[in-house]
file upload26.cif (mmCIF, C-alpha atoms)
data_start
loop_
_atom_site.label_atom_id
_atom_site.label_comp_id
_atom_site.auth_asym_id
_atom_site.auth_seq_id
_atom_site.Cartn_x
_atom_site.Cartn_y
_atom_site.Cartn_z
CA MET A 1 0.96 -14.89 -2.70
CA LYS A 2 -0.03 -11.31 -1.88
CA ARG A 3 1.02 -10.17 1.55
CA LYS A 4 -1.38 -8.66 4.06
CA ASN A 5 -1.41 -4.89 4.35
CA ILE A 6 0.36 -3.41 7.33
CA ILE A 7 -1.36 -0.02 7.21
CA PRO A 8 -5.03 -0.23 8.26
CA TYR A 9 -7.49 1.18 5.74
CA GLU A 10 -9.56 3.36 8.09
CA PRO A 11 -6.68 5.69 9.06
CA VAL A 12 -5.89 6.01 5.35
CA GLY A 13 -9.48 7.16 4.81
CA GLN A 14 -9.08 9.65 7.65
CA ILE A 15 -5.95 11.03 6.02
CA MET A 16 -7.84 11.48 2.76
CA GLU A 17 -10.68 13.23 4.59
CA GLU A 18 -8.16 15.53 6.30
CA SER A 19 -6.96 16.35 2.79
CA GLY A 20 -10.42 17.51 1.79
CA ALA A 21 -12.27 14.39 0.65
CA ILE A 22 -15.92 14.24 1.71
CA ARG A 23 -16.29 10.50 1.13
CA VAL A 24 -13.71 7.83 0.35
CA SER A 25 -14.50 4.45 -1.20
CA ASN A 26 -13.05 1.28 0.27
CA GLU A 27 -11.24 0.65 -3.01
CA ALA A 28 -9.56 4.07 -2.80
CA LYS A 29 -8.42 3.32 0.77
CA VAL A 30 -6.94 0.00 -0.35
CA ILE A 31 -5.09 1.56 -3.29
CA LEU A 32 -3.67 4.42 -1.23
CA ALA A 33 -2.65 2.05 1.59
CA ASN A 34 -0.83 -0.12 -0.96
CA HIS A 35 1.01 2.88 -2.40
CA LEU A 36 1.92 4.20 1.06
CA GLU A 37 3.32 0.82 2.05
CA GLU A 38 5.29 0.54 -1.17
CA TYR A 39 6.78 3.99 -0.57
CA ALA A 40 7.51 3.19 3.09
CA LEU A 41 9.28 -0.02 2.11
CA LYS A 42 11.49 1.86 -0.36
CA LEU A 43 12.19 4.56 2.20
CA GLY A 44 13.01 2.01 4.89
CA ALA A 45 15.31 0.05 2.60
CA LEU A 46 17.24 3.18 1.64
CA ALA A 47 17.47 4.28 5.29
CA ALA A 48 18.76 0.79 6.21
CA LYS A 49 21.39 1.12 3.49
CA TYR A 50 22.54 4.44 4.97
CA ALA A 51 22.69 2.96 8.48
CA LYS A 52 24.68 -0.02 7.22
CA HIS A 53 27.07 2.31 5.38
CA ALA A 54 27.62 4.11 8.70
CA LYS A 55 28.36 0.70 10.28
CA ARG A 56 25.21 0.81 12.41
CA THR A 57 22.44 -1.72 12.83
CA THR A 58 20.01 0.90 14.11
CA ILE A 59 18.21 3.19 11.67
CA LEU A 60 18.26 6.72 13.04
CA ASP A 61 16.05 9.70 12.30
CA LYS A 62 18.84 11.19 10.20
CA ASP A 63 18.82 8.06 7.99
CA ILE A 64 15.09 8.46 7.38
CA LYS A 65 15.47 12.17 6.65
CA LEU A 66 18.31 11.54 4.21
CA ALA A 67 16.41 8.71 2.53
CA TYR A 68 13.31 10.88 2.21
CA LYS A 69 15.37 13.66 0.65
CA ASN A 70 17.06 11.31 -1.82
CA LEU A 71 14.07 9.11 -2.69
CA GLU A 72 12.24 11.85 -4.54
#
call {"tool": "encode", "arguments": {"input": "upload26.cif", "output": "structure tokens"}}
result
Amino acid sequence: MKRKNIIPYEPVGQIMEESGAIRVSNEAKVILANHLEEYALKLGALAAKYAKHAKRTTILDKDIKLAYKNLE
């Protein structure tokens, strides 16, 4: 069963328009939202791993920054 998207599609369209798009199809919004969520899940999982390694249950900004740096 496919899960429901967390990121709303309209803000994704606004991001694309801010990037220079004149018009954005609904399908493009769905695809980009899916990719953004997939990336965010990977980033969050890696940040959680770093927090756990530091014996914390709270993910801090430094965990996100480190995960972002190492996820690329």
call {"tool": "residues_around", "arguments": {"input": "upload26.cif", "residues": "Met16 of chain A", "least_positions_apart": "3", "cutoff": "12 Å", "atoms": "only C-alpha atoms", "output": "PDB file with C-alpha atoms, keeping the file's coordinate frame"}}
result
ATOM      1  CA  TYR A   9      -7.490   1.180   5.740  1.00  0.00           C
ATOM      2  CA  GLU A  10      -9.560   3.360   8.090  1.00  0.00           C
ATOM      3  CA  PRO A  11      -6.680   5.690   9.060  1.00  0.00           C
ATOM      4  CA  VAL A  12      -5.890   6.010   5.350  1.00  0.00           C
ATOM      5  CA  GLY A  13      -9.480   7.160   4.810  1.00  0.00           C
ATOM      6  CA  SER A  19      -6.960  16.350   2.790  1.00  0.00           C
ATOM      7  CA  GLY A  20     -10.420  17.510   1.790  1.00  0.00           C
ATOM      8  CA  ALA A  21     -12.270  14.390   0.650  1.00  0.00           C
ATOM      9  CA  ILE A  22     -15.920  14.240   1.710  1.00  0.00           C
ATOM     10  CA  ARG A  23     -16.290  10.500   1.130  1.00  0.00           C
ATOM     11  CA  VAL A  24     -13.710   7.830   0.350  1.00  0.00           C
ATOM     12  CA  SER A  25     -14.500   4.450  -1.200  1.00  0.00           C
ATOM     13  CA  ASN A  26     -13.050   1.280   0.270  1.00  0.00           C
ATOM     14  CA  ALA A  28      -9.560   4.070  -2.800  1.00  0.00           C
ATOM     15  CA  LYS A  29      -8.420   3.320   0.770  1.00  0.00           C
ATOM     16  CA  VAL A  30      -6.940   0.000  -0.350  1.00  0.00           C
ATOM     17  CA  ILE A  31      -5.090   1.560  -3.290  1.00  0.00           C
ATOM     18  CA  LEU A  32      -3.670   4.420  -1.230  1.00  0.00           C
ATOM     19  CA  ALA A  33      -2.650   2.050   1.590  1.00  0.00           C
TER      20      ALA A  33
END
call {"tool": "closest_residue", "arguments": {"input": "upload26.cif", "among": "A:Lys62, A:Ile6, A:Ala67, A:Glu72", "to": "Lys49 of chain A", "atoms": "only C-alpha atoms"}}
result
A:Ala67
call {"tool": "atom_distance", "arguments": {"input": "upload26.cif", "atom1": "atom CA of Asp63 of chain A", "atom2": "atom CA of Tyr50 of chain A"}}
result
6.0 Å
call {"tool": "residues_near_point", "arguments": {"input": "upload26.cif", "point": "(14.7, 0.7, 5.6)", "cutoff": "12 Å", "atoms": "all atoms listed in the file", "output": "number ranges by chain"}}
result
A: 37-52, 57-61, 63-68, 71
call {"tool": "axis_aligned_box", "arguments": {"input": "upload26.cif", "around": "segment 18-28 of chain A", "padding_each_side": "6 Å", "output": "AutoDock Vina command-line options"}}
result
--center_x -11.6 --center_y 9.1 --center_z 1.6 --size_x 21.3 --size_y 28.9 --size_z 21.3
